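Colleague: Can you read through this structure? Questions will come right after.
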Amino acid sequence: MKGKFLAFMLIINLGAGSYLGYLLTVTPEGVVPDEFVGLAVSRQSEASTILSGQILSQLEKFETQALGTSALLDDILLNKSYIPSLPSYYHDRTAVVQLDLSELPPSPFVSEAYGIEISVGGSAYKIVPDTFFDDYEATYLETGDTDNPFNQIQDDVKSEIQLTAKLDHILPSLYDLDPNTVWIEYTSEKGYSRSFPWSSVPQMYDGRQSSWYSSASTGAKDVIILLDKSGSMEGERKLGAVNATKNIISSLGGRDRFNILTFSDEIASFSDALSLVGEDNQLAAFDFLDRMVTGGTTNYDLAFTEGLDRLNRFGSDRRTPVVVFITDGAPTIGTRDNNTLIEKIQQANGPVGAQFVLFGISSETDHQLLSEIANEMGGANIRINTTEQIEGAISNYQDFLSLNKQAVISWSLPYLDTNGQGLVITTSIPLIVNSQLRGVISVDIRLETLVEFIVQDQLSENSYSYVFDIAGNSIVHPDVDLNTSTAETIRQPITQLEVDTEEFGELLSLAQKDQAVTQLLDYNGQDTLVSFTPIGNTSMILGMTTPLTDLIPDEVEAKINSLAINTLAFVPGVALGLLGALIMIVLRGRLLREDAPQIVAESPQNSKEEEA
């Protein structure tokens, strides 16, 4: 029994020693346990959220400038309160002496920052060329004639220009809220703009055609453009419709998505789903339009059914679904009965709830059918009488979409300022009076402003942050020098500036769905934490990367060391286990000898004694 017990104890001691020795090797050198990775992820997520909030807080100062301008404009245009009149200053210094409103603004000077003559004592108004009477637009643009452009526009526009000069009561103080403000501008639907500070602006500039104007006036959209490519869509009709479609795409905002379906008796699609606005997608869409070949018959049923199906499958609750329909004829194939066709469109639109803007661009168009579709869908039907009107009329499709919209702040993607201020981004808000869009207030800021926000207070020495748009193109990145870049060159795919891996792409797709995400990724063999955090509703996303090892000294390494100490505490146990096993071996040998029969060899001396 004693032998069995000692053997059992020997096995226990050896087993304990072996197990404790194994514990010393369960955490390989350089590998951070999962629980500590979780702590690092939480820390970076919190830091990214805080920095995103700080950027948004700074950007809200510029939103305040737009909101303040909007509030005063609302009072001015509704005559809610008495605000003293102020003189109005034309944007062209060479023409002001010939205008009815002839004064120069106070104290004009050549600004070193702007590189042009400006005045902070007043704003400048500019008449958009296509609002002039008769053929004066061509005279104004081609010859530079400035005899009296103010007298070439309608009286109600003149009156509103003089009214909006009252903005100069608050524009100087709003402009001074932040030194990074470039321009504060009001662009009217009537065809003029007013910008502060006063300066000369290009004659061709029309803010209504800009993406920031469209974003503010219509909100975030999923746009399906259904473009007729039947045999009759040839020559000037095709050219006008294609150019108008390009203008629609160019006017889309940073959060908009689009697709183009060209139709006849068959469908050709630019993309399978909906494409985010971005330079690459725009150029690809333009190429798709340029390659459009006309021919075949006209199938309304096919176009509407397929377009609404795309919106149903790929649309987003965060965007307004829009169908823009452009045709020069009547349906010649497919469902041709008006009532049946409208019923099919209503059924397809049921789960979508799209807004419809329909354009008939010739006398052969079934305008009655388009009017009935618009009435049933609560949309708009625009009849275009001449081919010369096609491009301009279709390009202003957002006029209908802007009706009854709430005033929501929007942010643009970076672009090159027309007045030489380099790369800027714009925040804008629609001015809605009595449920009608009257114009858009915008504030431009230098893109360097974002750089100042993100270069400070990084999480670690090797941590860095960057900003990209919802389409996945960079806006601010430490590897891109804004001083030597253009609006095109700064917008590189973020995958080219970071890493182009499947895991990075999956994380990017989540961020593009307005989700804040943080994940541990392999960055060229180094474990790196990557965070993507949307910056409010600005269509911009904050990126943050930090090598995992950078976070170990702060919180993780201490716990790893603590774990190591606890593990090393087992070393005495291992030693005791091995010592105990050794003692058991020795003890067992001794006990075995004590229990053995005592056999003593007789010596010759003992034998003689016994005989005696």
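Chain labels follow the order of the structure tokens: the first chain is A, the next B, and so on; residue numbering restarts at 1 in every chain, and ligands are counted from 1 in their shown order.
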Could you write out, as a compact mmCIF listing (two decimals) with all heavy atoms, in the first residue's frame, all the residues of segment 97-330 of chain A that DSSP marks as strand (DSSP E or B)?
Modeller:
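Result file part36.txt:
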# COMPACT_ATOMS: atom_id res chain seq x y z
N PHE A 109 -8.84 97.53 -50.81
CA PHE A 109 -7.39 97.37 -50.75
C PHE A 109 -7.01 96.03 -51.35
O PHE A 109 -7.83 95.12 -51.43
CB PHE A 109 -6.89 97.47 -49.31
CG PHE A 109 -7.35 96.33 -48.43
CD1 PHE A 109 -6.52 95.25 -48.17
CD2 PHE A 109 -8.63 96.34 -47.86
CE1 PHE A 109 -6.94 94.20 -47.37
CE2 PHE A 109 -9.06 95.30 -47.05
CZ PHE A 109 -8.21 94.22 -46.80
N VAL A 110 -5.78 95.93 -51.78
CA VAL A 110 -5.27 94.67 -52.31
C VAL A 110 -4.86 93.79 -51.14
O VAL A 110 -3.92 94.11 -50.40
CB VAL A 110 -4.09 94.90 -53.26
CG1 VAL A 110 -3.53 93.55 -53.73
CG2 VAL A 110 -4.51 95.74 -54.45
N GLU A 117 -8.05 92.73 -55.05
CA GLU A 117 -8.63 93.85 -54.33
C GLU A 117 -9.94 93.44 -53.67
O GLU A 117 -10.81 92.86 -54.32
CB GLU A 117 -8.88 95.02 -55.30
CG GLU A 117 -9.32 96.29 -54.60
CD GLU A 117 -9.51 97.44 -55.58
OE1 GLU A 117 -10.05 97.20 -56.68
OE2 GLU A 117 -9.12 98.57 -55.23
N ILE A 118 -10.05 93.69 -52.39
CA ILE A 118 -11.27 93.36 -51.66
C ILE A 118 -11.66 94.56 -50.80
O ILE A 118 -10.90 95.52 -50.65
CB ILE A 118 -11.11 92.12 -50.77
CG1 ILE A 118 -10.18 92.42 -49.58
CG2 ILE A 118 -10.62 90.93 -51.56
CD1 ILE A 118 -10.17 91.32 -48.53
N SER A 119 -12.85 94.47 -50.23
CA SER A 119 -13.29 95.44 -49.23
C SER A 119 -14.14 94.70 -48.21
O SER A 119 -15.08 93.97 -48.57
CB SER A 119 -14.13 96.56 -49.87
OG SER A 119 -14.73 97.36 -48.85
N ALA A 124 -20.44 92.26 -52.52
CA ALA A 124 -20.55 92.49 -53.96
C ALA A 124 -21.69 91.66 -54.51
O ALA A 124 -21.84 90.49 -54.17
CB ALA A 124 -19.24 92.11 -54.65
N TYR A 125 -22.50 92.27 -55.38
CA TYR A 125 -23.53 91.49 -56.05
C TYR A 125 -23.10 91.23 -57.48
O TYR A 125 -22.38 92.01 -58.10
CB TYR A 125 -24.90 92.17 -56.01
CG TYR A 125 -25.07 93.34 -56.95
CD1 TYR A 125 -25.49 93.14 -58.26
CD2 TYR A 125 -24.81 94.64 -56.53
CE1 TYR A 125 -25.66 94.21 -59.13
CE2 TYR A 125 -24.97 95.71 -57.39
CZ TYR A 125 -25.39 95.50 -58.69
OH TYR A 125 -25.54 96.55 -59.55
N LYS A 126 -23.52 90.09 -58.00
CA LYS A 126 -23.20 89.71 -59.37
C LYS A 126 -24.46 89.17 -60.03
O LYS A 126 -25.20 88.38 -59.44
CB LYS A 126 -22.12 88.63 -59.41
CG LYS A 126 -21.79 88.18 -60.82
CD LYS A 126 -20.89 86.98 -60.83
CE LYS A 126 -20.61 86.54 -62.27
NZ LYS A 126 -21.85 86.14 -62.97
N ILE A 127 -24.71 89.61 -61.24
CA ILE A 127 -25.86 89.14 -62.00
C ILE A 127 -25.43 87.94 -62.83
O ILE A 127 -24.45 88.01 -63.59
CB ILE A 127 -26.40 90.25 -62.93
CG1 ILE A 127 -26.67 91.53 -62.13
CG2 ILE A 127 -27.66 89.78 -63.64
CD1 ILE A 127 -26.85 92.75 -63.00
N THR A 181 -12.44 81.85 -42.63
CA THR A 181 -13.54 82.10 -43.56
C THR A 181 -13.01 82.79 -44.81
O THR A 181 -12.29 83.78 -44.73
CB THR A 181 -14.61 82.99 -42.91
OG1 THR A 181 -15.06 82.36 -41.70
CG2 THR A 181 -15.79 83.18 -43.85
N VAL A 182 -13.39 82.28 -45.99
CA VAL A 182 -12.98 82.88 -47.25
C VAL A 182 -14.09 83.76 -47.80
O VAL A 182 -13.89 84.94 -48.06
CB VAL A 182 -12.60 81.80 -48.28
CG1 VAL A 182 -12.24 82.44 -49.62
CG2 VAL A 182 -11.44 80.96 -47.77
N TRP A 183 -15.28 83.18 -47.98
CA TRP A 183 -16.42 83.93 -48.50
C TRP A 183 -17.68 83.55 -47.74
O TRP A 183 -17.85 82.40 -47.34
CB TRP A 183 -16.68 83.64 -49.99
CG TRP A 183 -15.51 83.78 -50.89
CD1 TRP A 183 -14.78 82.78 -51.46
CD2 TRP A 183 -14.91 85.01 -51.33
NE1 TRP A 183 -13.77 83.29 -52.23
CE2 TRP A 183 -13.83 84.66 -52.18
CE3 TRP A 183 -15.19 86.35 -51.10
CZ2 TRP A 183 -13.02 85.61 -52.78
CZ3 TRP A 183 -14.38 87.30 -51.71
CH2 TRP A 183 -13.32 86.93 -52.54
N ILE A 184 -18.58 84.51 -47.58
CA ILE A 184 -19.97 84.24 -47.20
C ILE A 184 -20.81 84.71 -48.37
O ILE A 184 -20.65 85.86 -48.83
CB ILE A 184 -20.37 84.99 -45.91
CG1 ILE A 184 -19.46 84.61 -44.75
CG2 ILE A 184 -21.82 84.70 -45.55
CD1 ILE A 184 -19.73 85.38 -43.46
N GLU A 185 -21.67 83.85 -48.86
CA GLU A 185 -22.37 84.18 -50.11
C GLU A 185 -23.83 83.77 -50.05
O GLU A 185 -24.20 82.76 -49.44
CB GLU A 185 -21.69 83.46 -51.27
CG GLU A 185 -22.29 83.75 -52.64
CD GLU A 185 -21.46 83.16 -53.77
OE1 GLU A 185 -20.22 83.19 -53.67
OE2 GLU A 185 -22.06 82.67 -54.74
N TYR A 186 -24.67 84.58 -50.68
CA TYR A 186 -26.07 84.22 -50.91
C TYR A 186 -26.27 84.13 -52.42
O TYR A 186 -26.05 85.10 -53.15
CB TYR A 186 -27.02 85.26 -50.32
CG TYR A 186 -28.46 85.05 -50.76
CD1 TYR A 186 -29.12 83.87 -50.46
CD2 TYR A 186 -29.15 86.04 -51.47
CE1 TYR A 186 -30.44 83.66 -50.87
CE2 TYR A 186 -30.46 85.84 -51.87
CZ TYR A 186 -31.10 84.65 -51.58
OH TYR A 186 -32.41 84.44 -51.98
N THR A 187 -26.69 82.95 -52.89
CA THR A 187 -26.97 82.74 -54.31
C THR A 187 -28.48 82.58 -54.47
O THR A 187 -29.08 81.68 -53.88
CB THR A 187 -26.26 81.49 -54.84
OG1 THR A 187 -24.85 81.65 -54.64
CG2 THR A 187 -26.54 81.29 -56.32
N SER A 188 -29.09 83.48 -55.23
CA SER A 188 -30.54 83.52 -55.37
C SER A 188 -31.02 82.69 -56.55
O SER A 188 -30.35 82.62 -57.60
CB SER A 188 -31.00 84.97 -55.54
OG SER A 188 -32.38 85.02 -55.87
N TYR A 192 -28.93 85.91 -59.30
CA TYR A 192 -27.84 86.79 -58.88
C TYR A 192 -27.23 86.21 -57.62
O TYR A 192 -27.80 85.33 -56.97
CB TYR A 192 -28.34 88.22 -58.63
CG TYR A 192 -29.18 88.36 -57.38
CD1 TYR A 192 -28.58 88.68 -56.16
CD2 TYR A 192 -30.55 88.15 -57.40
CE1 TYR A 192 -29.33 88.79 -55.00
CE2 TYR A 192 -31.31 88.25 -56.25
CZ TYR A 192 -30.70 88.57 -55.06
OH TYR A 192 -31.46 88.67 -53.90
N SER A 193 -26.05 86.71 -57.26
CA SER A 193 -25.42 86.28 -56.03
C SER A 193 -24.84 87.50 -55.32
O SER A 193 -24.55 88.52 -55.95
CB SER A 193 -24.31 85.25 -56.30
OG SER A 193 -23.29 85.82 -57.11
N ARG A 194 -24.70 87.38 -54.01
CA ARG A 194 -24.09 88.45 -53.20
C ARG A 194 -23.05 87.79 -52.30
O ARG A 194 -23.35 86.84 -51.57
CB ARG A 194 -25.15 89.15 -52.37
CG ARG A 194 -24.59 90.25 -51.47
CD ARG A 194 -25.68 91.02 -50.76
NE ARG A 194 -26.49 91.79 -51.70
CZ ARG A 194 -26.12 92.94 -52.23
NH1 ARG A 194 -24.93 93.47 -51.94
NH2 ARG A 194 -26.91 93.59 -53.06
N SER A 195 -21.81 88.29 -52.38
CA SER A 195 -20.73 87.67 -51.62
C SER A 195 -20.00 88.71 -50.79
O SER A 195 -19.89 89.88 -51.17
CB SER A 195 -19.74 86.96 -52.55
OG SER A 195 -19.17 87.88 -53.47
N PHE A 196 -19.50 88.27 -49.64
CA PHE A 196 -18.72 89.11 -48.73
C PHE A 196 -17.40 88.40 -48.44
O PHE A 196 -17.39 87.19 -48.17
CB PHE A 196 -19.49 89.34 -47.42
CG PHE A 196 -18.81 90.30 -46.49
CD1 PHE A 196 -19.12 91.65 -46.54
CD2 PHE A 196 -17.86 89.88 -45.59
CE1 PHE A 196 -18.49 92.55 -45.70
CE2 PHE A 196 -17.21 90.76 -44.75
CZ PHE A 196 -17.53 92.11 -44.81
N TRP A 198 -16.41 92.21 -50.49
CA TRP A 198 -16.53 92.67 -51.87
C TRP A 198 -15.25 92.34 -52.63
O TRP A 198 -14.14 92.48 -52.12
CB TRP A 198 -16.75 94.19 -51.90
CG TRP A 198 -16.80 94.75 -53.30
CD1 TRP A 198 -17.88 94.90 -54.08
CD2 TRP A 198 -15.67 95.23 -54.07
NE1 TRP A 198 -17.54 95.42 -55.31
CE2 TRP A 198 -16.17 95.64 -55.32
CE3 TRP A 198 -14.31 95.33 -53.82
CZ2 TRP A 198 -15.37 96.16 -56.32
CZ3 TRP A 198 -13.48 95.84 -54.82
CH2 TRP A 198 -14.02 96.26 -56.05
N SER A 199 -15.42 91.87 -53.87
CA SER A 199 -14.28 91.62 -54.75
C SER A 199 -14.83 91.40 -56.15
O SER A 199 -16.04 91.26 -56.34
CB SER A 199 -13.49 90.39 -54.31
OG SER A 199 -14.25 89.22 -54.52
N LYS A 221 -29.42 62.36 -52.03
CA LYS A 221 -30.31 61.72 -53.00
C LYS A 221 -29.69 60.43 -53.55
O LYS A 221 -28.47 60.29 -53.63
CB LYS A 221 -30.55 62.67 -54.19
CG LYS A 221 -31.09 64.03 -53.83
CD LYS A 221 -31.17 64.95 -55.01
CE LYS A 221 -29.82 65.32 -55.59
NZ LYS A 221 -28.95 66.03 -54.62
N ASP A 222 -30.57 59.51 -53.94
CA ASP A 222 -30.24 58.38 -54.81
C ASP A 222 -30.94 58.66 -56.14
O ASP A 222 -32.17 58.63 -56.21
CB ASP A 222 -30.74 57.05 -54.24
CG ASP A 222 -29.82 56.52 -53.16
OD1 ASP A 222 -28.62 56.83 -53.18
OD2 ASP A 222 -30.31 55.77 -52.29
N VAL A 223 -30.17 58.97 -57.17
CA VAL A 223 -30.74 59.43 -58.44
C VAL A 223 -30.56 58.38 -59.53
O VAL A 223 -29.44 57.93 -59.81
CB VAL A 223 -30.08 60.75 -58.89
CG1 VAL A 223 -30.69 61.23 -60.21
CG2 VAL A 223 -30.24 61.82 -57.82
N ILE A 224 -31.68 57.98 -60.14
CA ILE A 224 -31.67 57.12 -61.32
C ILE A 224 -32.06 57.99 -62.52
O ILE A 224 -33.14 58.58 -62.54
CB ILE A 224 -32.66 55.96 -61.19
CG1 ILE A 224 -32.17 54.94 -60.15
CG2 ILE A 224 -32.87 55.27 -62.54
CD1 ILE A 224 -31.05 54.04 -60.62
N ILE A 225 -31.17 58.07 -63.51
CA ILE A 225 -31.45 58.84 -64.72
C ILE A 225 -31.82 57.86 -65.83
O ILE A 225 -31.01 56.99 -66.20
CB ILE A 225 -30.23 59.69 -65.13
CG1 ILE A 225 -29.82 60.62 -63.98
CG2 ILE A 225 -30.54 60.50 -66.39
CD1 ILE A 225 -28.51 61.34 -64.23
N LEU A 226 -33.03 57.98 -66.35
CA LEU A 226 -33.51 57.14 -67.44
C LEU A 226 -33.45 57.97 -68.72
O LEU A 226 -34.24 58.90 -68.91
CB LEU A 226 -34.95 56.68 -67.16
CG LEU A 226 -35.18 55.97 -65.81
CD1 LEU A 226 -36.65 55.63 -65.63
CD2 LEU A 226 -34.32 54.71 -65.72
N LEU A 227 -32.51 57.65 -69.59
CA LEU A 227 -32.24 58.46 -70.78
C LEU A 227 -32.61 57.68 -72.04
O LEU A 227 -32.08 56.60 -72.30
CB LEU A 227 -30.76 58.85 -70.81
CG LEU A 227 -30.28 59.64 -72.02
CD1 LEU A 227 -31.05 60.95 -72.17
CD2 LEU A 227 -28.78 59.91 -71.92
N ASP A 228 -33.52 58.25 -72.81
CA ASP A 228 -33.98 57.64 -74.06
C ASP A 228 -32.84 57.59 -75.07
O ASP A 228 -32.18 58.60 -75.33
CB ASP A 228 -35.15 58.49 -74.60
CG ASP A 228 -35.88 57.81 -75.75
OD1 ASP A 228 -35.34 56.85 -76.31
OD2 ASP A 228 -36.98 58.28 -76.09
N ARG A 257 -25.82 59.50 -54.55
CA ARG A 257 -25.43 58.36 -55.39
C ARG A 257 -26.26 58.41 -56.67
O ARG A 257 -27.33 59.02 -56.71
CB ARG A 257 -25.66 57.03 -54.65
CG ARG A 257 -24.89 56.91 -53.36
CD ARG A 257 -25.04 55.53 -52.73
NE ARG A 257 -26.42 55.22 -52.42
CZ ARG A 257 -26.82 54.04 -51.93
NH1 ARG A 257 -25.96 53.08 -51.74
NH2 ARG A 257 -28.10 53.84 -51.65
N PHE A 258 -25.77 57.73 -57.72
CA PHE A 258 -26.47 57.82 -58.99
C PHE A 258 -26.26 56.57 -59.83
O PHE A 258 -25.36 55.77 -59.58
CB PHE A 258 -26.00 59.05 -59.78
CG PHE A 258 -24.61 58.89 -60.36
CD1 PHE A 258 -24.43 58.49 -61.68
CD2 PHE A 258 -23.48 59.12 -59.58
CE1 PHE A 258 -23.15 58.33 -62.21
CE2 PHE A 258 -22.20 58.97 -60.11
CZ PHE A 258 -22.04 58.57 -61.43
N ASN A 259 -27.12 56.44 -60.84
CA ASN A 259 -26.93 55.45 -61.90
C ASN A 259 -27.61 55.99 -63.15
O ASN A 259 -28.52 56.83 -63.06
CB ASN A 259 -27.52 54.09 -61.51
CG ASN A 259 -26.96 52.96 -62.36
OD1 ASN A 259 -26.23 53.18 -63.32
ND2 ASN A 259 -27.30 51.73 -62.00
N ILE A 260 -27.16 55.54 -64.29
CA ILE A 260 -27.73 55.94 -65.58
C ILE A 260 -28.20 54.70 -66.30
O ILE A 260 -27.42 53.74 -66.48
CB ILE A 260 -26.70 56.68 -66.46
CG1 ILE A 260 -26.02 57.81 -65.69
CG2 ILE A 260 -27.36 57.21 -67.73
CD1 ILE A 260 -24.78 58.35 -66.40
N LEU A 261 -29.45 54.68 -66.72
CA LEU A 261 -29.98 53.62 -67.56
C LEU A 261 -30.39 54.24 -68.89
O LEU A 261 -31.26 55.12 -68.93
CB LEU A 261 -31.18 52.93 -66.91
CG LEU A 261 -31.01 52.34 -65.50
CD1 LEU A 261 -32.28 51.64 -65.07
CD2 LEU A 261 -29.84 51.39 -65.46
N THR A 262 -29.76 53.85 -69.98
CA THR A 262 -30.20 54.29 -71.30
C THR A 262 -31.15 53.22 -71.84
O THR A 262 -30.89 52.02 -71.71
CB THR A 262 -29.01 54.49 -72.24
OG1 THR A 262 -28.26 53.28 -72.34
CG2 THR A 262 -28.10 55.60 -71.72
N PHE A 263 -32.24 53.65 -72.46
CA PHE A 263 -33.27 52.69 -72.85
C PHE A 263 -33.79 52.95 -74.25
O PHE A 263 -33.82 54.08 -74.74
CB PHE A 263 -34.44 52.72 -71.85
CG PHE A 263 -35.30 53.96 -71.93
CD1 PHE A 263 -36.45 53.99 -72.72
CD2 PHE A 263 -34.95 55.10 -71.22
CE1 PHE A 263 -37.24 55.13 -72.78
CE2 PHE A 263 -35.74 56.24 -71.28
CZ PHE A 263 -36.89 56.26 -72.07
N ILE A 267 -32.18 47.78 -72.35
CA ILE A 267 -31.59 48.62 -71.30
C ILE A 267 -30.07 48.46 -71.31
O ILE A 267 -29.55 47.35 -71.42
CB ILE A 267 -32.12 48.23 -69.91
CG1 ILE A 267 -33.59 48.64 -69.76
CG2 ILE A 267 -31.28 48.85 -68.80
CD1 ILE A 267 -33.78 50.12 -69.51
N ALA A 268 -29.38 49.58 -71.20
CA ALA A 268 -27.94 49.57 -70.92
C ALA A 268 -27.73 50.34 -69.64
O ALA A 268 -28.29 51.43 -69.45
CB ALA A 268 -27.15 50.20 -72.07
N SER A 269 -26.92 49.80 -68.72
CA SER A 269 -26.75 50.40 -67.40
C SER A 269 -25.31 50.81 -67.17
O SER A 269 -24.38 50.07 -67.51
CB SER A 269 -27.17 49.40 -66.32
OG SER A 269 -26.95 49.91 -65.03
N SER A 275 -23.78 54.38 -57.71
CA SER A 275 -22.39 54.80 -57.54
C SER A 275 -22.31 56.08 -56.73
O SER A 275 -23.06 57.03 -56.97
CB SER A 275 -21.74 55.03 -58.91
OG SER A 275 -21.74 53.85 -59.67
N LEU A 276 -21.39 56.10 -55.77
CA LEU A 276 -21.13 57.32 -55.03
C LEU A 276 -20.46 58.35 -55.93
O LEU A 276 -19.74 58.01 -56.86
CB LEU A 276 -20.23 57.04 -53.83
CG LEU A 276 -20.91 56.37 -52.63
CD1 LEU A 276 -19.87 55.73 -51.73
CD2 LEU A 276 -21.72 57.38 -51.84
N THR A 320 -33.07 60.58 -50.47
CA THR A 320 -34.32 60.69 -51.19
C THR A 320 -34.18 60.00 -52.55
O THR A 320 -33.29 60.36 -53.33
CB THR A 320 -34.70 62.16 -51.41
OG1 THR A 320 -34.85 62.81 -50.15
CG2 THR A 320 -36.00 62.28 -52.20
N PRO A 321 -35.04 59.02 -52.87
CA PRO A 321 -34.96 58.37 -54.18
C PRO A 321 -35.57 59.27 -55.26
O PRO A 321 -36.64 59.85 -55.08
CB PRO A 321 -35.79 57.10 -54.00
CG PRO A 321 -36.73 57.41 -52.88
CD PRO A 321 -36.04 58.40 -51.98
N VAL A 322 -34.87 59.41 -56.37
CA VAL A 322 -35.28 60.32 -57.45
C VAL A 322 -35.17 59.61 -58.79
O VAL A 322 -34.17 58.94 -59.06
CB VAL A 322 -34.42 61.59 -57.47
CG1 VAL A 322 -34.82 62.50 -58.63
CG2 VAL A 322 -34.53 62.35 -56.15
N VAL A 323 -36.21 59.77 -59.61
CA VAL A 323 -36.18 59.28 -60.99
C VAL A 323 -36.22 60.48 -61.92
O VAL A 323 -37.15 61.28 -61.86
CB VAL A 323 -37.38 58.35 -61.29
CG1 VAL A 323 -37.41 58.00 -62.77
CG2 VAL A 323 -37.30 57.08 -60.45
N VAL A 324 -35.18 60.62 -62.75
CA VAL A 324 -35.15 61.65 -63.79
C VAL A 324 -35.33 60.94 -65.12
O VAL A 324 -34.50 60.10 -65.50
CB VAL A 324 -33.83 62.44 -63.77
CG1 VAL A 324 -33.82 63.47 -64.90
CG2 VAL A 324 -33.64 63.13 -62.43
N PHE A 325 -36.41 61.27 -65.83
CA PHE A 325 -36.79 60.58 -67.07
C PHE A 325 -36.69 61.56 -68.23
O PHE A 325 -37.29 62.64 -68.19
CB PHE A 325 -38.22 60.04 -66.93
CG PHE A 325 -38.72 59.23 -68.10
CD1 PHE A 325 -38.35 57.91 -68.25
CD2 PHE A 325 -39.56 59.81 -69.05
CE1 PHE A 325 -38.82 57.16 -69.32
CE2 PHE A 325 -40.04 59.07 -70.12
CZ PHE A 325 -39.66 57.74 -70.26
N ILE A 326 -35.93 61.20 -69.27
CA ILE A 326 -35.70 62.09 -70.41
C ILE A 326 -36.04 61.34 -71.69
O ILE A 326 -35.43 60.30 -71.99
CB ILE A 326 -34.23 62.56 -70.46
CG1 ILE A 326 -33.83 63.21 -69.14
CG2 ILE A 326 -34.02 63.54 -71.62
CD1 ILE A 326 -32.33 63.48 -69.02
N THR A 327 -36.99 61.86 -72.46
CA THR A 327 -37.40 61.20 -73.70
C THR A 327 -37.81 62.22 -74.74
O THR A 327 -38.19 63.35 -74.40
CB THR A 327 -38.57 60.23 -73.43
OG1 THR A 327 -38.88 59.51 -74.64
CG2 THR A 327 -39.81 60.98 -72.98
Colleague: Using only C-alpha atoms, determine which residues lie at most 10 Å from Val157 of chain A, disregarding the query and same-chain residues fewer than 4 positions distant; provide the list as JSON, numbers by chain.
Modeller: {"A": [127, 131, 150, 153, 161, 162, 163, 188, 190, 191, 192]}
Colleague: Take the residues from that selection and write them out as a CSV table (one decimal), in the first residue's frame, keeping C-alpha atoms.
Modeller:
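Saved file result.csv follows:
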chain,number,residue,atom,x,y,z
A,127,ILE,CA,-25.9,89.1,-62.0
A,131,THR,CA,-30.9,86.2,-66.4
A,150,PHE,CA,-28.0,96.3,-63.9
A,153,ILE,CA,-32.7,92.5,-65.7
A,161,ILE,CA,-30.7,92.9,-55.1
A,162,GLN,CA,-31.2,96.2,-53.3
A,163,LEU,CA,-33.0,94.5,-50.4
A,188,SER,CA,-30.5,83.5,-55.4
A,190,LYS,CA,-33.6,84.6,-59.3
A,191,GLY,CA,-30.2,84.7,-60.9
A,192,TYR,CA,-27.8,86.8,-58.9
Colleague: Tell me which of A:Glu506, A:Glu452, A:Asp272, A:Asp366 sits closest to Asp328 of chain A, counting only C-alpha atoms.
Modeller: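 Among the listed residues, the smallest separation from Asp328 of chain A belongs to A:Asp366.
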Colleague: Identify which of the residues A:Thr427, A:Thr64, A:Thr332, A:Ser52 lies closest to Ser232 of chain A, counting only C-alpha atoms when measuring atom-to-atom distances.
Modeller: A:Thr332
Colleague: Return as a PyMOL selection string the full set of residues in segment 209-238 of chain A whose backbone-based DSSP assignment is helix (DSSP H, G or I).
Modeller: chain A and resi 209+211-218+236-238
Colleague: Please identify all polymer residues within 10 Å of Pro84 of chain A, counting only C-alpha atoms, omitting same-chain residues fewer than 6 positions from it, and present them as JSON, numbers by chain.
Modeller: {"A": [163, 165, 166, 169]}
Colleague: Just the selected residues (N, CA, C and O atoms), exported as a PDB file, in the first residue's frame, please.
Modeller:
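As a result, again.pdb now contains:
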ATOM      1  N   LEU A 163     -32.589  94.967 -51.746  1.00  0.00           N
ATOM      2  CA  LEU A 163     -33.002  94.510 -50.415  1.00  0.00           C
ATOM      3  C   LEU A 163     -31.890  93.730 -49.724  1.00  0.00           C
ATOM      4  O   LEU A 163     -31.603  93.923 -48.540  1.00  0.00           O
ATOM      5  N   ALA A 165     -28.830  93.931 -49.927  1.00  0.00           N
ATOM      6  CA  ALA A 165     -27.691  94.740 -49.475  1.00  0.00           C
ATOM      7  C   ALA A 165     -27.755  94.976 -47.971  1.00  0.00           C
ATOM      8  O   ALA A 165     -26.724  95.253 -47.339  1.00  0.00           O
ATOM      9  N   LYS A 166     -28.931  94.827 -47.384  1.00  0.00           N
ATOM     10  CA  LYS A 166     -29.075  94.994 -45.939  1.00  0.00           C
ATOM     11  C   LYS A 166     -28.296  93.933 -45.151  1.00  0.00           C
ATOM     12  O   LYS A 166     -28.073  94.089 -43.942  1.00  0.00           O
ATOM     13  N   HIS A 169     -25.308  94.638 -42.759  1.00  0.00           N
ATOM     14  CA  HIS A 169     -25.389  94.993 -41.337  1.00  0.00           C
ATOM     15  C   HIS A 169     -24.732  93.923 -40.465  1.00  0.00           C
ATOM     16  O   HIS A 169     -24.228  94.233 -39.381  1.00  0.00           O
TER      17      HIS A 169
END
Colleague: From the options A:Val242, A:Ile470, A:Ile475, A:Ile454, which residue's atoms come nearest to Gly53 of chain A, counting only C-alpha atoms?
Modeller: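 That would be A:Ile454, the residue with the smallest distance to Gly53 of chain A.
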Colleague: Excluding Gln368 of chain A and residues on its chain fewer than 4 positions from it, collect all residues at most 12 Å away from it, counting only C-alpha atoms, and give them as a list in words.
Modeller: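 Selected residues are Gly329, Ala330, Asn338, Asn339, Leu358, Phe359, Gly360, Ser363, Glu364, Glu372, Ile373, Ala374, Asn375, Asn381, Ile382 and Arg383 of chain A.
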Colleague: Go ahead and compute the interatomic distance for atom CA of Gln58 of chain A and atom CA of Ser316 of chain A, in Å to one decimal.
Modeller: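 Between atom CA of Gln58 of chain A and atom CA of Ser316 of chain A the gap works out to 28.8 Å.
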Colleague: Would you list the contacts of Glu46 of chain A as a VMD selection string, taking every protein, DNA or RNA residue within 12 Å and counting only C-alpha atoms, but skipping same-chain residues closer than 3 positions in sequence?
Modeller: chain A and resid 39 to 43 49 to 53 459 516 to 518 531 to 533 544
